[in-house]
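Comments concern the structure below.
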Protein chains: 2
Amino acid sequence: MRLFSEAGYEATTMDDIAAAAGMSRRSLFRRFGSKEDILFAEHDDLFETVERFLEAAPDDDPVATVRSAARMVFQEYVRSPEITVPRFRLVRAVPRLRDREIAMTARYQAAFSRFLGRGETAGRRALTGEALAASVIAAHNHVLRSWLHAPQEPVPWRRFDEAMAFVTGSLGALLREPPVPEGDAGGAGGRDAAAQESVLVAVYPAAASGADVLSRIRSALGPEGG
Amino acid sequence: MRLFSEAGYEATTMDDIAAAAGMSRRSLFRRFGSKEDILFAEHDDLFETVERFLEAAPDDDPVATVRSAARMVFQEYVRSPEITVPRFRLVRAVPRLRDREIAMTARYQAAFSRFLGRGETAGRRALTGEALAASVIAAHNHVLRSWLHAPQEPVPWRRFDEAMAFVTGSLGALLREPPVPEGDAGGAGGRDAAAQESVLVAVYPAAASGADVLSRIRSALGPEGG
DNA sequence: CCATACATGGCATCTAGTGTCATCATACGG
DNA sequence: CCGTATGATGACACTAGATGCCATGTATGG
């Protein structure tokens, strides 16, 4: 990491790293496999840990399990800023490393998708799981990036949990519903009469009373339902 | 593509491709830049088209714009199955190509995020945009993958539109709401009194009347507001 | 003390990718 | 019609990541 930060990623050869690490070039390749893997070595261990965590988790609340898994990843990032922060700078500068980082997060996303979809690869449940996994990853990266830009600030655990709650709110509720045989339905703040199922989303101030919410929903539903 | 499919990606050298293409190795590199770019050459053009589309689009309904952009990408995939289908097989088999493909879709996702977030990189609107972009990409890939597995079937345009409507339903509604100054809020099928804003999601049969929906929501809201 | 298994290092080699220069075709101005 | 400038192409050399092969330690077990 020191060599990469000083001379740049491309300019640092495997010979340089081998000399600095006190081992031969050949052994370096044997340990890490490739130059990129040197930077993301511990990431593989973390991924395996997360996969084992998902396998061992009870399946009563998959969304909460995935949220915890994402929290584990976040935890590992903020636990060792001396590695993750300079690596973040490197990754932003070198396109090759950026692609590699994206591929890493895609592996988490795929694992989350499989877990949320419960092995299904087609149908409503699979789609919901994939979209939910993508949203969880997006929320994780959103908060993580903001912290990586200012790592001297306290770790934004609250914003992390809020972001997770935000993205798992609507889709998570859909995942808990029993599966629908065929024919998807969409629609925001309203209904779709042509489909077998409809989704209603309401956003309102927390201070609003239940009666206010109900009256707003009633007016949004329009005249046909009263 | 023929060489890659016959001998495999790794086993096909740039010399082989140059000989088959009737040009020198050096010219091959000049045209495509790298071995991977040979496979994803037209993809770059498509991405630029999508970016120009987003730039030129009116910003009255960003969600619909992004949905159309995703539709454009899907359209280009299904338009030339003689390229995309064997490439899909290659991408699945070669990890290096898989990472590249993921990086390509990540570029779309980033473009969608920027567009939906309207340049913001922090805060609720940015997070919503990122999660929505991630969900749109996930839905696109979900339907696209299913078609790539059975390209002889008719193009599942209906499932594509349904999947898009599904993932843009709830989050899209949140994006249309005016931004909240500070403090995110979450919560599914209920409210979170500690936050400034709450989200309510209801899933119900399309055949249900408005009164039924209202009564179910009333009972879900609990005693304090009903 | 010996034998086997394993890690390490040195070496050769392959291949992607880049810099450099010569060559050739084409277009343009006199 | 000719000389010239420009751009594409090709040949060559070189760097560096990555792999295979073999020799040399080094520890473990009988």
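A note on labels: chains of the structure tokens are A, B, ... as shown, every chain counts residues from 1, and ligands are counted from 1 in their shown order.
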Exercise: region 1-17 of chain C partners within 12 Å, only C-alpha atoms (C1' of nucleotides), chain neighbours under 2 positions left out, as JSON, numbers by chain: {"A": [18, 22, 23, 24, 25, 26, 27, 28, 29, 30, 31], "B": [10, 11, 12, 13, 14, 15, 16, 25, 26, 28, 29, 30, 32, 33, 34, 35, 36], "C": [19], "D": [14, 15, 16, 17, 18, 19, 20, 21, 22, 23, 24, 25, 26, 27, 28, 29, 30]}
Residues of chain D within 10 Å of chain B, counting only C-alpha atoms (C1' of nucleotides), as a ChimeraX atom specification: /D:8-11
How would the residues just chosen look if you wrote them out with C-alpha atoms (C1' of nucleotides) as a short mmCIF file (atom, residue, chain, number, x, y, z; two decimals), in the first residue's frame?
```
data_model
loop_
_atom_site.label_atom_id
_atom_site.label_comp_id
_atom_site.auth_asym_id
_atom_site.auth_seq_id
_atom_site.Cartn_x
_atom_site.Cartn_y
_atom_site.Cartn_z
"C1'" DA D 8 -3.46 4.57 -41.45
"C1'" DT D 9 -0.85 0.45 -41.36
"C1'" DG D 10 2.79 -2.76 -40.27
"C1'" DA D 11 7.22 -4.40 -38.39
#
```
d(CA of Gly117 (chain A), CA of Val155 (chain B)) in Å: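 Between CA of Gly117 (chain A) and CA of Val155 (chain B) the gap is 23.7 Å.
As for CA of Val91 (chain B) and CA of Phe40 (chain B), they are spaced 10.7 Å apart.
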CA of Val78 (chain A) to CA of Ser170 (chain A), straight-line distance in Å: 27.8 Å
Contacts of DT4 (chain D) within 12 Å, only C-alpha atoms (C1' of nucleotides), excl. fewer than 4 positions in-chain, as a ChimeraX atom specification: /C:26-30
Keeping only C-alpha atoms (C1' of nucleotides), write the selected residues as a PDB file, in the first residue's frame.
```pdb
ATOM      1  C1'  DT C  26      -4.669   9.525 -50.052  1.00  0.00           C
ATOM      2  C1'  DA C  27      -5.657  14.276 -50.406  1.00  0.00           C
ATOM      3  C1'  DC C  28      -4.229  18.960 -51.316  1.00  0.00           C
ATOM      4  C1'  DG C  29      -1.837  23.009 -53.235  1.00  0.00           C
ATOM      5  C1'  DG C  30       1.136  24.859 -56.836  1.00  0.00           C
TER       6       DG C  30
END
```
7 Å contact set for region 101-107 of chain A, only C-alpha atoms (C1' of nucleotides), chain neighbours under 3 positions out, as a list in words: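 The residues that qualify are Leu97, Arg98, Ala110 and Ala111 of chain A; Asp99, Ile102 and Ala103 of chain B.
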Could you save those same residues with C-alpha atoms as a PDB file, in the first residue's frame?
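Contents of out-v5.pdb, as written:
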```
ATOM      1  CA  LEU A  97      -8.951  -1.204  -9.709  1.00  0.00           C
ATOM      2  CA  ARG A  98     -12.281   0.526  -9.893  1.00  0.00           C
ATOM      3  CA  ALA A 110     -25.263 -11.798  -5.999  1.00  0.00           C
ATOM      4  CA  ALA A 111     -24.979 -13.516  -2.619  1.00  0.00           C
TER       5      ALA A 111
ATOM      6  CA  ASP B  99     -16.088  -8.574 -14.256  1.00  0.00           C
ATOM      7  CA  ILE B 102     -20.396  -5.949 -14.466  1.00  0.00           C
ATOM      8  CA  ALA B 103     -18.270  -2.846 -14.819  1.00  0.00           C
TER       9      ALA B 103
END
```
Which of region 34-167 of chain B DSSP labels helix (DSSP H, G or I), written as a ChimeraX atom specification: /B:35-39,41-56,62-79,81-93,95-117,124-149,157-167
